[in-house]
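Structure data (mmCIF, C-alpha atoms and all ligand atoms) from protein.cif:
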```
data_protein
loop_
_atom_site.label_atom_id
_atom_site.label_comp_id
_atom_site.auth_asym_id
_atom_site.auth_seq_id
_atom_site.Cartn_x
_atom_site.Cartn_y
_atom_site.Cartn_z
CA MET A 983 35.36 49.72 45.80
CA ALA A 984 35.68 49.10 42.08
CA VAL A 985 34.56 45.70 40.90
CA THR A 986 36.29 44.21 37.88
CA PRO A 987 35.61 41.10 35.84
CA LYS A 988 38.05 38.30 36.57
CA SER A 989 39.97 38.41 33.31
CA LYS A 990 42.44 35.76 32.26
CA THR A 991 43.96 38.17 29.75
CA SER A 992 45.38 41.62 30.44
CA GLY A 993 43.84 43.16 27.32
CA SER A 994 41.44 42.28 24.56
CA ARG A 995 39.75 43.74 21.50
CA VAL A 996 36.10 42.91 20.88
CA LEU A 997 34.11 43.65 17.74
CA GLY A 998 30.40 44.16 18.50
CA ILE A 999 27.56 43.79 15.97
CA GLU A 1000 23.89 44.64 16.62
CA THR A 1001 21.02 44.06 14.15
CA SER A 1002 18.12 42.89 16.36
CA CYS A 1003 15.55 45.51 15.37
CA ASP A 1004 15.78 48.85 13.58
CA GLU A 1005 19.37 49.96 14.28
CA THR A 1006 22.42 48.53 12.52
CA SER A 1007 25.45 49.10 14.71
CA VAL A 1008 29.14 48.16 14.81
CA ALA A 1009 31.65 48.88 17.59
CA ILE A 1010 35.22 48.02 18.50
CA LEU A 1011 35.91 47.92 22.22
CA ASP A 1012 39.39 47.66 23.72
CA TYR A 1013 39.30 46.32 27.20
CA ALA A 1014 42.07 45.85 29.74
CA VAL A 1015 42.42 45.13 33.43
CA ARG A 1016 45.01 47.24 35.27
CA GLY A 1017 45.22 46.33 38.93
CA THR A 1018 41.67 46.58 40.21
CA LYS A 1019 40.55 48.93 37.41
CA ASN A 1020 38.93 48.27 34.04
CA GLU A 1021 40.19 50.33 31.16
CA VAL A 1022 37.56 50.45 28.46
CA ARG A 1023 38.00 52.34 25.21
CA LEU A 1024 35.65 52.47 22.28
CA SER A 1025 37.98 52.87 19.33
CA HIS A 1026 35.04 52.77 16.91
CA HIS A 1027 31.27 53.02 17.26
CA GLU A 1028 28.76 53.73 14.54
CA THR A 1029 25.01 53.20 14.33
CA ALA A 1030 22.81 53.52 11.24
CA THR A 1031 19.21 54.07 12.28
CA GLN A 1032 16.31 52.80 10.16
CA ILE A 1033 13.73 54.92 11.99
CA PRO A 1034 13.01 57.25 9.01
CA ILE A 1035 12.36 54.16 6.84
CA HIS A 1036 9.94 52.47 9.27
CA ARG A 1037 8.23 55.75 10.20
CA ARG A 1038 6.38 55.58 6.86
CA TYR A 1039 4.72 52.34 8.03
CA GLY A 1040 4.05 53.50 11.61
CA GLY A 1041 6.27 50.76 13.07
CA VAL A 1042 9.05 48.30 12.28
CA VAL A 1043 8.47 46.07 9.22
CA PRO A 1044 10.65 42.95 9.80
CA GLU A 1045 11.38 42.18 6.13
CA VAL A 1046 12.34 45.79 5.41
CA ALA A 1047 14.52 45.82 8.56
CA ALA A 1048 16.41 42.68 7.49
CA ARG A 1049 17.04 43.95 3.97
CA THR A 1050 18.27 47.29 5.27
CA HIS A 1051 20.60 45.58 7.77
CA ILE A 1052 22.20 43.61 4.89
CA ALA A 1053 23.10 46.83 3.10
CA GLU A 1054 24.15 48.72 6.23
CA VAL A 1055 26.17 46.12 8.12
CA ILE A 1056 28.75 45.74 5.32
CA LYS A 1057 29.12 49.53 5.06
CA LEU A 1058 29.60 49.89 8.81
CA LEU A 1059 32.09 47.01 9.02
CA GLU A 1060 34.03 48.53 6.15
CA ARG A 1061 34.13 51.93 7.88
CA ALA A 1062 35.31 50.20 11.08
CA GLY A 1063 38.36 48.98 9.11
CA VAL A 1064 37.35 45.32 9.37
CA PHE A 1065 38.08 44.67 5.66
CA ALA A 1066 41.35 46.65 5.60
CA SER A 1067 44.37 44.84 4.15
CA GLY A 1068 45.78 42.12 6.39
CA LYS A 1069 43.76 39.94 8.73
CA PRO A 1070 41.80 42.05 11.23
CA LYS A 1071 42.67 41.02 14.78
CA PHE A 1072 39.90 40.56 17.31
CA ASP A 1073 39.99 38.47 20.45
CA ALA A 1074 36.25 38.07 20.08
CA ILE A 1075 33.37 38.95 17.82
CA ALA A 1076 30.23 39.58 19.87
CA VAL A 1077 26.88 39.62 18.11
CA THR A 1078 23.29 39.94 19.29
CA LYS A 1079 21.67 36.49 19.11
CA GLY A 1080 18.26 37.52 20.52
CA PRO A 1081 15.67 38.53 21.47
CA GLY A 1082 14.57 40.40 18.37
CA LEU A 1083 13.30 39.94 14.83
CA ALA A 1084 14.51 36.57 13.49
CA THR A 1085 15.42 37.73 9.99
CA ALA A 1086 17.10 40.90 11.29
CA LEU A 1087 19.12 38.99 13.91
CA ARG A 1088 20.34 36.52 11.27
CA VAL A 1089 21.98 39.30 9.24
CA GLY A 1090 24.31 40.22 12.12
CA ILE A 1091 24.84 36.59 13.10
CA GLU A 1092 25.85 35.51 9.58
CA ALA A 1093 28.25 38.46 9.29
CA ALA A 1094 29.77 37.60 12.69
CA ARG A 1095 30.06 33.86 11.94
CA THR A 1096 31.81 34.54 8.63
CA LEU A 1097 34.21 37.07 10.17
CA ALA A 1098 34.96 34.80 13.12
CA TYR A 1099 35.76 31.94 10.71
CA ILE A 1100 37.99 34.03 8.45
CA THR A 1101 39.84 35.79 11.27
CA ASP A 1102 39.99 32.81 13.60
CA SER A 1103 38.33 34.84 16.39
CA THR A 1104 36.21 33.63 19.30
CA LEU A 1105 32.50 34.02 18.54
CA ILE A 1106 30.18 35.20 21.30
CA GLY A 1107 26.39 35.32 20.95
CA VAL A 1108 25.09 38.05 23.26
CA ASN A 1109 21.62 38.35 24.75
CA HIS A 1110 20.39 41.81 23.68
CA LEU A 1111 18.99 42.40 27.18
CA GLU A 1112 22.38 41.67 28.73
CA GLY A 1113 23.74 44.22 26.25
CA HIS A 1114 21.39 46.84 27.71
CA LEU A 1115 22.62 45.92 31.22
CA ALA A 1116 26.19 46.41 29.98
CA SER A 1117 25.33 49.87 28.65
CA ALA A 1118 25.38 51.17 32.25
CA TRP A 1119 28.94 49.81 32.62
CA LEU A 1120 30.09 51.72 29.54
CA VAL A 1121 29.77 54.98 31.52
CA PRO A 1122 33.19 55.58 33.19
CA GLN A 1123 31.71 57.14 36.38
CA ASN A 1124 29.53 54.06 36.79
CA ARG A 1125 32.43 51.61 36.49
CA ALA A 1126 34.24 53.53 39.23
CA ARG A 1127 31.30 53.15 41.63
CA TRP A 1128 30.01 49.75 40.53
CA GLU A 1129 29.20 47.29 43.34
CA PHE A 1130 27.14 44.11 43.19
CA PRO A 1131 24.30 43.44 43.58
CA VAL A 1132 23.09 46.02 41.07
CA LEU A 1133 19.35 46.40 40.57
CA VAL A 1134 18.61 47.39 36.97
CA LEU A 1135 15.36 48.79 35.62
CA LEU A 1136 15.50 47.67 31.99
CA VAL A 1137 12.97 49.62 29.95
CA SER A 1138 12.93 49.36 26.17
CA GLY A 1139 10.53 49.07 23.27
CA GLY A 1140 10.21 45.32 23.75
CA HIS A 1141 10.96 44.79 27.46
CA SER A 1142 10.25 46.14 30.92
CA GLU A 1143 12.06 44.18 33.59
CA LEU A 1144 13.65 44.57 36.99
CA VAL A 1145 16.89 42.62 36.96
CA LEU A 1146 19.13 41.84 39.92
CA MET A 1147 22.74 41.59 38.71
CA LYS A 1148 24.52 39.43 41.26
CA ASP A 1149 27.77 39.45 39.28
CA PHE A 1150 28.80 39.82 35.65
CA CYS A 1151 26.86 37.15 33.72
CA ARG A 1152 24.71 36.23 36.79
CA TYR A 1153 21.23 37.71 36.66
CA GLN A 1154 17.86 37.20 38.29
CA VAL A 1155 14.75 38.74 36.75
CA VAL A 1156 12.74 39.81 39.81
CA GLY A 1157 9.91 41.62 38.01
CA ARG A 1158 8.59 41.98 34.48
CA THR A 1159 5.68 43.29 32.48
CA ARG A 1160 2.81 40.88 31.99
CA ASP A 1161 1.76 42.48 28.69
CA ASP A 1162 3.11 45.57 26.90
CA ALA A 1163 6.58 46.96 27.56
CA SER A 1164 6.79 50.54 28.83
CA GLY A 1165 8.35 51.68 25.53
CA GLU A 1166 5.42 50.07 23.74
CA ALA A 1167 3.03 51.95 26.05
CA PHE A 1168 4.71 55.22 25.04
CA ASP A 1169 4.72 54.30 21.34
CA LYS A 1170 1.17 52.93 21.14
CA THR A 1171 -0.47 55.79 23.05
CA ALA A 1172 1.52 58.27 20.95
CA LYS A 1173 0.21 56.57 17.82
CA LEU A 1174 -3.37 56.89 19.13
CA MET A 1175 -2.76 60.64 19.38
CA GLY A 1176 -1.47 60.74 15.80
CA LEU A 1177 2.21 61.23 16.74
CA SER A 1178 4.80 59.59 14.52
CA TYR A 1179 7.04 56.57 15.23
CA PRO A 1180 8.70 56.06 17.64
CA GLY A 1181 6.33 58.02 19.84
CA GLY A 1182 8.28 57.84 23.13
CA PRO A 1183 10.66 60.75 22.53
CA ILE A 1184 7.94 62.91 20.89
CA LEU A 1185 5.43 62.24 23.68
CA SER A 1186 8.06 63.08 26.30
CA LYS A 1187 8.77 66.42 24.57
CA TYR A 1188 5.07 67.40 24.56
CA ALA A 1189 4.88 66.31 28.21
CA THR A 1190 7.35 69.02 29.29
CA ARG A 1191 4.63 71.65 28.52
CA GLY A 1192 1.72 69.76 30.06
CA ASN A 1193 0.03 69.18 33.42
CA PRO A 1194 0.53 65.58 34.61
CA ASP A 1195 -2.63 65.78 36.76
CA ALA A 1196 -4.89 66.99 33.92
CA PHE A 1197 -6.22 63.49 33.21
CA ARG A 1198 -6.46 60.73 35.78
CA LEU A 1199 -5.18 57.60 34.07
CA PRO A 1200 -4.88 54.09 35.56
CA ARG A 1201 -1.65 52.82 37.09
CA PRO A 1202 -2.18 49.08 36.55
CA MET A 1203 -0.82 46.73 39.26
CA ILE A 1204 0.76 49.62 41.17
CA HIS A 1205 -0.61 48.31 44.50
CA ASP A 1206 0.06 44.67 43.66
CA PRO A 1207 2.72 43.31 46.05
CA SER A 1208 4.54 41.52 43.20
CA LEU A 1209 7.23 43.30 41.20
CA ASP A 1210 5.38 42.63 37.95
CA MET A 1211 3.94 45.41 35.83
CA SER A 1212 1.20 45.85 33.24
CA PHE A 1213 0.67 48.61 30.70
CA SER A 1214 -2.04 47.39 28.33
CA GLY A 1215 -4.88 48.80 30.52
CA LEU A 1216 -3.34 52.25 30.20
CA LYS A 1217 -3.43 51.99 26.41
CA THR A 1218 -7.13 51.05 26.51
CA ALA A 1219 -7.92 53.94 28.90
CA VAL A 1220 -6.14 56.38 26.56
CA ARG A 1221 -8.05 55.00 23.57
CA ILE A 1222 -11.38 55.61 25.34
CA LEU A 1223 -10.30 59.08 26.51
CA ILE A 1224 -9.27 60.11 22.98
CA HIS A 1225 -12.59 58.84 21.67
CA GLU A 1226 -14.41 61.01 24.25
CA LEU A 1227 -12.23 64.06 23.56
CA GLY A 1228 -12.68 63.79 19.80
CA PRO A 1229 -11.16 66.74 17.88
CA ARG A 1230 -10.32 68.44 21.23
CA THR A 1231 -7.49 65.86 21.61
CA GLN A 1232 -5.09 68.01 19.58
CA ASP A 1233 -5.78 71.07 21.83
CA VAL A 1234 -4.90 69.19 25.00
CA LEU A 1235 -1.95 67.21 23.63
CA PRO A 1236 0.66 68.46 26.16
CA ASP A 1237 -1.64 67.69 29.14
CA LEU A 1238 -2.51 64.28 27.71
CA CYS A 1239 1.16 63.45 27.09
CA ALA A 1240 2.17 64.60 30.58
CA SER A 1241 -0.61 62.49 32.14
CA ILE A 1242 0.37 59.36 30.16
CA GLN A 1243 4.03 59.83 30.99
CA ALA A 1244 3.22 60.32 34.68
CA ALA A 1245 1.17 57.09 34.75
CA ILE A 1246 3.96 55.02 33.12
CA VAL A 1247 6.70 56.55 35.28
CA ASP A 1248 4.64 56.10 38.48
CA VAL A 1249 4.35 52.36 37.82
CA LEU A 1250 8.05 51.99 36.98
CA THR A 1251 9.28 53.97 39.99
CA SER A 1252 6.96 52.38 42.53
CA LYS A 1253 7.94 48.86 41.40
CA THR A 1254 11.61 49.88 41.54
CA ALA A 1255 11.18 51.19 45.09
CA ARG A 1256 9.56 47.89 46.11
CA ALA A 1257 12.43 45.94 44.53
CA ILE A 1258 15.05 48.04 46.36
CA ALA A 1259 13.29 47.41 49.68
CA ALA A 1260 13.07 43.66 48.97
CA TYR A 1261 16.57 42.99 47.56
CA LYS A 1262 18.68 45.77 49.13
CA PRO A 1263 21.03 46.26 46.15
CA LYS A 1264 24.23 48.33 46.46
CA CYS A 1265 23.59 50.16 43.16
CA LEU A 1266 20.58 51.14 41.06
CA ALA A 1267 20.75 51.53 37.27
CA VAL A 1268 18.24 52.31 34.53
CA VAL A 1269 18.88 51.22 30.93
CA GLY A 1270 17.13 50.80 27.56
CA GLY A 1271 15.50 53.30 25.21
CA VAL A 1272 12.98 54.57 27.81
CA SER A 1273 15.85 55.41 30.21
CA ALA A 1274 16.38 58.47 27.99
CA ASN A 1275 13.16 59.90 29.45
CA PRO A 1276 14.08 62.91 31.67
CA HIS A 1277 10.98 62.57 33.89
CA LEU A 1278 11.80 58.90 34.60
CA GLN A 1279 15.43 59.82 35.39
CA LYS A 1280 14.30 62.56 37.81
CA GLU A 1281 11.74 60.39 39.60
CA LEU A 1282 14.18 57.47 39.93
CA ARG A 1283 16.73 59.79 41.54
CA LYS A 1284 14.04 60.75 44.07
CA VAL A 1285 13.36 57.08 44.80
CA ALA A 1286 17.09 56.35 45.19
CA SER A 1287 17.51 59.26 47.61
CA GLU A 1288 15.07 57.54 49.99
CA PHE A 1289 17.61 54.71 50.44
CA PRO A 1290 20.70 56.33 52.04
CA ASP A 1291 23.24 53.58 51.20
CA LEU A 1292 22.11 53.09 47.63
CA ILE A 1293 24.37 54.31 44.79
CA MET A 1294 22.37 55.67 41.86
CA LEU A 1295 24.34 55.01 38.68
CA GLU A 1296 24.13 57.44 35.76
CA PRO A 1297 21.67 56.68 32.96
CA PRO A 1298 23.73 55.48 29.97
CA LYS A 1299 23.77 58.70 27.92
CA GLY A 1300 24.86 57.93 24.34
CA PHE A 1301 23.89 54.26 24.80
CA TYR A 1302 20.15 54.51 25.63
CA THR A 1303 18.81 52.97 22.44
CA ASP A 1304 20.13 49.91 20.61
CA ASN A 1305 23.86 50.02 19.88
CA ALA A 1306 26.81 47.70 19.31
CA ALA A 1307 29.02 49.18 22.05
CA MET A 1308 26.83 47.55 24.70
CA ILE A 1309 26.97 44.23 22.80
CA ALA A 1310 30.78 44.40 22.68
CA ALA A 1311 30.85 45.26 26.41
CA ALA A 1312 28.69 42.26 27.34
CA GLY A 1313 30.86 40.18 24.98
CA SER A 1314 33.96 41.26 26.91
CA TRP A 1315 32.36 39.93 30.14
CA HIS A 1316 31.82 36.56 28.47
CA LEU A 1317 35.32 36.54 27.00
CA ALA A 1318 36.84 37.21 30.43
CA ARG A 1319 35.00 34.13 31.70
CA GLY A 1320 36.04 31.89 28.83
CA LYS A 1321 32.49 31.68 27.44
CA SER A 1322 32.04 31.36 23.68
CA ASP A 1323 29.76 29.95 20.98
CA SER A 1324 30.31 27.49 18.18
CA ILE A 1325 30.74 29.12 14.74
CA SER A 1326 28.81 26.30 13.09
CA LYS A 1327 25.93 26.34 15.59
CA LEU A 1328 25.17 29.93 16.58
CA ASP A 1329 21.66 30.85 15.44
CA ALA A 1330 19.06 33.52 16.13
CA ALA A 1331 17.00 33.14 19.32
CA PRO A 1332 14.10 35.58 18.71
CA GLU A 1333 12.36 34.82 22.05
CA LEU A 1334 15.47 34.69 24.23
CA ASP A 1335 15.03 35.59 27.91
CA LEU A 1336 17.61 36.74 30.43
O1 LIG B 1401 16.14 49.96 23.71
P1 LIG B 1401 15.46 50.40 22.47
O2 LIG B 1401 16.27 51.19 21.48
O3 LIG B 1401 14.86 49.22 21.65
C1 LIG B 1401 14.46 47.99 22.15
O4 LIG B 1401 15.34 47.18 22.53
O5 LIG B 1401 13.24 47.81 22.19
O6 LIG B 1401 14.19 51.26 22.95
C2 LIG B 1401 13.32 51.89 22.06
C3 LIG B 1401 12.17 52.45 22.86
C4 LIG B 1401 11.01 52.95 22.00
O7 LIG B 1401 9.81 52.40 22.50
C5 LIG B 1401 11.07 54.47 22.21
O8 LIG B 1401 9.82 55.12 22.10
C6 LIG B 1401 11.59 54.54 23.64
O9 LIG B 1401 12.59 53.55 23.67
N1 LIG B 1401 12.13 55.88 23.97
C7 LIG B 1401 11.57 56.72 24.86
C8 LIG B 1401 12.36 57.90 24.86
N2 LIG B 1401 13.39 57.71 23.99
C9 LIG B 1401 13.23 56.46 23.44
N3 LIG B 1401 10.49 56.58 25.63
C10 LIG B 1401 10.16 57.61 26.43
N4 LIG B 1401 10.86 58.76 26.50
C11 LIG B 1401 11.95 58.94 25.73
N5 LIG B 1401 12.63 60.11 25.82
ZN ZN B 1402 17.10 47.21 22.87
#
```

How does this structure look as structure tokens?
Ligand code: KG4
Ligand code: ZN
Amino acid sequence: MAVTPKSKTSGSRVLGIETSCDETSVAILDYAVRGTKNEVRLSHHETATQIPIHRRYGGVVPEVAARTHIAEVIKLLERAGVFASGKPKFDAIAVTKGPGLATALRVGIEAARTLAYITDSTLIGVNHLEGHLASAWLVPQNRARWEFPVLVLLVSGGHSELVLMKDFCRYQVVGRTRDDASGEAFDKTAKLMGLSYPGGPILSKYATRGNPDAFRLPRPMIHDPSLDMSFSGLKTAVRILIHELGPRTQDVLPDLCASIQAAIVDVLTSKTARAIAAYKPKCLAVVGGVSANPHLQKELRKVASEFPDLIMLEPPKGFYTDNAAMIAAAGSWHLARGKSDSISKLDAAPELDL
């Protein structure tokens, strides 16, 4: 059974803007309800990554990020045809309001507020985390199989959460990290090994050539009955191990990477299995930058296969890391429910939760 948002309108066009961290992104999403089906078309989607700029500093520098967003967001909006002659027509302008870097968020928000005012469009402030949830819905095969409740493992550079989606716009966070996010665990351990930023994708590449059992690393809270996670102990263990290995570290890099990856993925998959058993969702999804990790995808499929009635949704290929298409998609859910924000009041919410 396909599940569709209860839309008051038969079709709508949403402009999405994302500037919460180190990607500037603009998307135009056309969305319609035909019978019981959603028709979703991305007529424009472009992301300008700042990764090469921040790599020089070994991580994201907020002030540099904000300044770069200012230059990039205008270029991207221009290329999306937003400033073409005549008033651009959008039913809504959806922009990330948080969580993220305050100064970076404000660049997108100010652009969206101005455009919403000039074009007389509805303004929708989107929670970045809800955007990641919506990334799973952007995949056509997923929309066709989508049934609530959907359990989502949301794993990014800033967040690691297990979210139960009861409906569009109705979420319950059932588990979360108590310290570092899993993406942070990848990035910080990679940095300890001298790999460049962001370390997650590089570490995962090295891991394909390594032995995951070469080093026994801790799996914090794996036996804890709660659905919460912790990754900071792993980082400390890796720091000590690298100190002990000394110059030999570089010789055993693939084994070390495979062992770190196995420890992170073990924690994520065992907590997900516990959450499935506790909440009995109809579907399972994985989203966020870390969902690009092939080992995590493989191990989650194994977990899902242990629950015969569970539908494993596809990881959101093309929408893993931060992008505006997912912000426009979440915006379309809000629009369909008549939710909007005030143009004069919308402001950045850097610590926003789901
Ligand atoms: O969702 P995202 O773009 O940004 C946040 O909202 O935080 O996620 C970025 C994170 C980084 O920590 C990056 O290292 C991680 O996703 N990442 C990966 C992989 N690709 C990206 N981690 C592990 N394996 C990957 N293949
Ligand atoms: Zn993100």

Review point. Can you list, as a list of chain:residue names, every protein, DNA or RNA residue that comes within 8 Å of range 1270-1273 of chain A when you count only C-alpha atoms, leaving out same-chain residues fewer than 3 positions away?
Key: A:His1114, A:Leu1136, A:Val1137, A:Ser1138, A:Gly1139, A:Ser1164, A:Gly1165, A:Gly1182, A:Pro1276, A:Leu1278, A:Gln1279, A:Pro1297, A:Pro1298, A:Tyr1302, A:Thr1303, A:Asp1304

Writer output for current selection, C-alpha atoms, as an mmCIF file, in the coordinates of the input:
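Written output follows (selection-v9.cif):
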```
data_model
loop_
_atom_site.group_PDB
_atom_site.id
_atom_site.type_symbol
_atom_site.label_atom_id
_atom_site.label_comp_id
_atom_site.auth_asym_id
_atom_site.auth_seq_id
_atom_site.Cartn_x
_atom_site.Cartn_y
_atom_site.Cartn_z
ATOM 1 C CA HIS A 1114 21.390 46.840 27.710
ATOM 2 C CA LEU A 1136 15.500 47.670 31.990
ATOM 3 C CA VAL A 1137 12.970 49.620 29.950
ATOM 4 C CA SER A 1138 12.930 49.360 26.170
ATOM 5 C CA GLY A 1139 10.530 49.070 23.270
ATOM 6 C CA SER A 1164 6.790 50.540 28.830
ATOM 7 C CA GLY A 1165 8.350 51.680 25.530
ATOM 8 C CA GLY A 1182 8.280 57.840 23.130
ATOM 9 C CA PRO A 1276 14.080 62.910 31.670
ATOM 10 C CA LEU A 1278 11.800 58.900 34.600
ATOM 11 C CA GLN A 1279 15.430 59.820 35.390
ATOM 12 C CA PRO A 1297 21.670 56.680 32.960
ATOM 13 C CA PRO A 1298 23.730 55.480 29.970
ATOM 14 C CA TYR A 1302 20.150 54.510 25.630
ATOM 15 C CA THR A 1303 18.810 52.970 22.440
ATOM 16 C CA ASP A 1304 20.130 49.910 20.610
#
```

Give me, as a PDB file with C-alpha atoms, in the coordinates of the input, the set of residues whose atoms come within 12 Å of any atom of ligand ZN 1402 (chain B), counting all atoms listed in the file.
```pdb
ATOM      1  CA  GLU A1000      23.890  44.640  16.620  1.00  0.00           C
ATOM      2  CA  THR A1001      21.020  44.060  14.150  1.00  0.00           C
ATOM      3  CA  SER A1002      18.120  42.890  16.360  1.00  0.00           C
ATOM      4  CA  CYS A1003      15.550  45.510  15.370  1.00  0.00           C
ATOM      5  CA  ASP A1004      15.780  48.850  13.580  1.00  0.00           C
ATOM      6  CA  GLU A1005      19.370  49.960  14.280  1.00  0.00           C
ATOM      7  CA  THR A1006      22.420  48.530  12.520  1.00  0.00           C
ATOM      8  CA  SER A1007      25.450  49.100  14.710  1.00  0.00           C
ATOM      9  CA  THR A1078      23.290  39.940  19.290  1.00  0.00           C
ATOM     10  CA  GLY A1080      18.260  37.520  20.520  1.00  0.00           C
ATOM     11  CA  PRO A1081      15.670  38.530  21.470  1.00  0.00           C
ATOM     12  CA  GLY A1082      14.570  40.400  18.370  1.00  0.00           C
ATOM     13  CA  LEU A1083      13.300  39.940  14.830  1.00  0.00           C
ATOM     14  CA  ASN A1109      21.620  38.350  24.750  1.00  0.00           C
ATOM     15  CA  HIS A1110      20.390  41.810  23.680  1.00  0.00           C
ATOM     16  CA  LEU A1111      18.990  42.400  27.180  1.00  0.00           C
ATOM     17  CA  GLU A1112      22.380  41.670  28.730  1.00  0.00           C
ATOM     18  CA  GLY A1113      23.740  44.220  26.250  1.00  0.00           C
ATOM     19  CA  HIS A1114      21.390  46.840  27.710  1.00  0.00           C
ATOM     20  CA  LEU A1115      22.620  45.920  31.220  1.00  0.00           C
ATOM     21  CA  ALA A1116      26.190  46.410  29.980  1.00  0.00           C
ATOM     22  CA  SER A1117      25.330  49.870  28.650  1.00  0.00           C
ATOM     23  CA  LEU A1136      15.500  47.670  31.990  1.00  0.00           C
ATOM     24  CA  VAL A1137      12.970  49.620  29.950  1.00  0.00           C
ATOM     25  CA  SER A1138      12.930  49.360  26.170  1.00  0.00           C
ATOM     26  CA  GLY A1139      10.530  49.070  23.270  1.00  0.00           C
ATOM     27  CA  GLY A1140      10.210  45.320  23.750  1.00  0.00           C
ATOM     28  CA  HIS A1141      10.960  44.790  27.460  1.00  0.00           C
ATOM     29  CA  SER A1142      10.250  46.140  30.920  1.00  0.00           C
ATOM     30  CA  ALA A1163       6.580  46.960  27.560  1.00  0.00           C
ATOM     31  CA  GLY A1165       8.350  51.680  25.530  1.00  0.00           C
ATOM     32  CA  VAL A1269      18.880  51.220  30.930  1.00  0.00           C
ATOM     33  CA  GLY A1270      17.130  50.800  27.560  1.00  0.00           C
ATOM     34  CA  GLY A1271      15.500  53.300  25.210  1.00  0.00           C
ATOM     35  CA  VAL A1272      12.980  54.570  27.810  1.00  0.00           C
ATOM     36  CA  SER A1273      15.850  55.410  30.210  1.00  0.00           C
ATOM     37  CA  PHE A1301      23.890  54.260  24.800  1.00  0.00           C
ATOM     38  CA  TYR A1302      20.150  54.510  25.630  1.00  0.00           C
ATOM     39  CA  THR A1303      18.810  52.970  22.440  1.00  0.00           C
ATOM     40  CA  ASP A1304      20.130  49.910  20.610  1.00  0.00           C
ATOM     41  CA  ASN A1305      23.860  50.020  19.880  1.00  0.00           C
ATOM     42  CA  ALA A1306      26.810  47.700  19.310  1.00  0.00           C
ATOM     43  CA  MET A1308      26.830  47.550  24.700  1.00  0.00           C
ATOM     44  CA  ILE A1309      26.970  44.230  22.800  1.00  0.00           C
TER      45      ILE A1309
END
```

Expected axis-aligned box over every listed atom of ligand LIG 1401 (chain B), 5 Å added per side, centre plus edges in Å to one decimal, as JSON:
```
{"center_x": 13.0, "center_y": 53.6, "center_z": 24.0, "size_x": 16.5, "size_y": 22.9, "size_z": 15.0}
```

Point to revise | Distance criterion (only C-alpha atoms and all ligand atoms): nearest to ligand LIG 1401 (chain B) out of A:Ile1035, A:Val1156, A:Leu1185, A:Leu1144 | key: A:Leu1185

Point to revise | Nearby residues, (-3.3, 65.7, 25.6) file frame, 12 Å, only C-alpha atoms, as a PyMOL selection string | key: chain A and resi 1171-1172+1174-1177+1185-1186+1188-1199+1220-1221+1223-1224+1227-1243

**Study point:** Selection near Arg1127 in chain A, 12 Å with all atoms listed in the file, sequence-local residues under 5 positions removed, as a list in words
**Key:**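 That gives Met983, Ala984, Val985, Thr986, Lys1019, Asn1020, Ala1118, Trp1119, Val1121, Pro1122, Val1132, Lys1264, Cys1265, Leu1266, Ala1267, Leu1292, Ile1293, Met1294, Leu1295 and Glu1296 of chain A.
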
Review point. If we count only C-alpha atoms, what is near Ser1025 in chain A at a cut-off of 12 Å, once residues fewer than 6 positions away on the same chain are taken out, given as a list in words?
Key: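 After dropping sequence-adjacent residues, the list is Arg995, Val996, Leu997, Gly998, Val1008, Ala1009, Ile1010, Leu1011, Asp1012, Tyr1013, Ala1062, Gly1063, Ala1307 and Ala1310 of chain A.
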
**Study point:** Distance query Ala1259 in chain A at most 12 Å, all atoms listed in the file, self and fewer than 3 positions along chain excluded, as JSON, numbers by chain
**Key:** {"A": [1133, 1207, 1209, 1252, 1253, 1254, 1255, 1256, 1262, 1263, 1264, 1266, 1285, 1286, 1288, 1289, 1290, 1291, 1292]}

Review point. Pick from A:Ile1100, A:Ile1075, A:Leu1216, A:Val1134: nearest to Ser994 in chain A, with only C-alpha atoms counted?
Key: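 Residue with the minimum atom-to-atom distance to Ser994 in chain A: A:Ile1075.
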
Review point. What is the distance, in Å and to one decimal place, between CA of Phe1065 in chain A and CA of Ala1094 in chain A?
Key: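 That distance, rounded to one decimal, is 13.0 Å.
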
Point to revise | Point-to-point distance in Å for CA of Thr1029 in chain A and CA of Ala1084 in chain A | key: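 Between CA of Ala1084 in chain A and CA of Thr1029 in chain A the gap is 19.7 Å.
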
Check your understanding: Taking all atoms listed in the file into account, which of A:Gly1181, A:Ala1257, A:Thr1251, A:Thr1031 comes nearest Ser1208 in chain A?
Key ->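 Closest to Ser1208 in chain A of all the choices is A:Ala1257.
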
Review point. Which residue gives the smallest distance to ligand LIG 1401 (chain B) among A:Glu1054, A:Asp1169, A:Asp1161, A:Glu1226, with only C-alpha atoms and all ligand atoms counted?
Key: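 Among the listed residues, the smallest separation from ligand LIG 1401 (chain B) belongs to A:Asp1169.
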
Practice item. Please indicate the distance in Å from CA of Lys1079 in chain A to CA of Ala1048 in chain A, rounded to one decimal place. Key: 14.2 Å

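Take the candidates A:Thr1104, A:Thr1085, A:Gln1032, A:Ser1212 and check each one against His1316 in chain A using only C-alpha atoms; the shortest distance goes to A:Thr1104.
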
Neighbouring residues of Arg1061 in chain A were defined as those with any atom within 10 Å, considering only C-alpha atoms; residues of the same chain fewer than 4 positions away were excluded. Please report them as an mmCIF file with C-alpha atoms, in the coordinates of the input.
```cif
data_model
loop_
_atom_site.group_PDB
_atom_site.id
_atom_site.type_symbol
_atom_site.label_atom_id
_atom_site.label_comp_id
_atom_site.auth_asym_id
_atom_site.auth_seq_id
_atom_site.Cartn_x
_atom_site.Cartn_y
_atom_site.Cartn_z
ATOM 1 C CA VAL A 1008 29.140 48.160 14.810
ATOM 2 C CA HIS A 1026 35.040 52.770 16.910
ATOM 3 C CA HIS A 1027 31.270 53.020 17.260
ATOM 4 C CA GLU A 1028 28.760 53.730 14.540
ATOM 5 C CA VAL A 1055 26.170 46.120 8.120
ATOM 6 C CA ILE A 1056 28.750 45.740 5.320
ATOM 7 C CA LYS A 1057 29.120 49.530 5.060
ATOM 8 C CA PHE A 1065 38.080 44.670 5.660
ATOM 9 C CA ALA A 1066 41.350 46.650 5.600
#
```
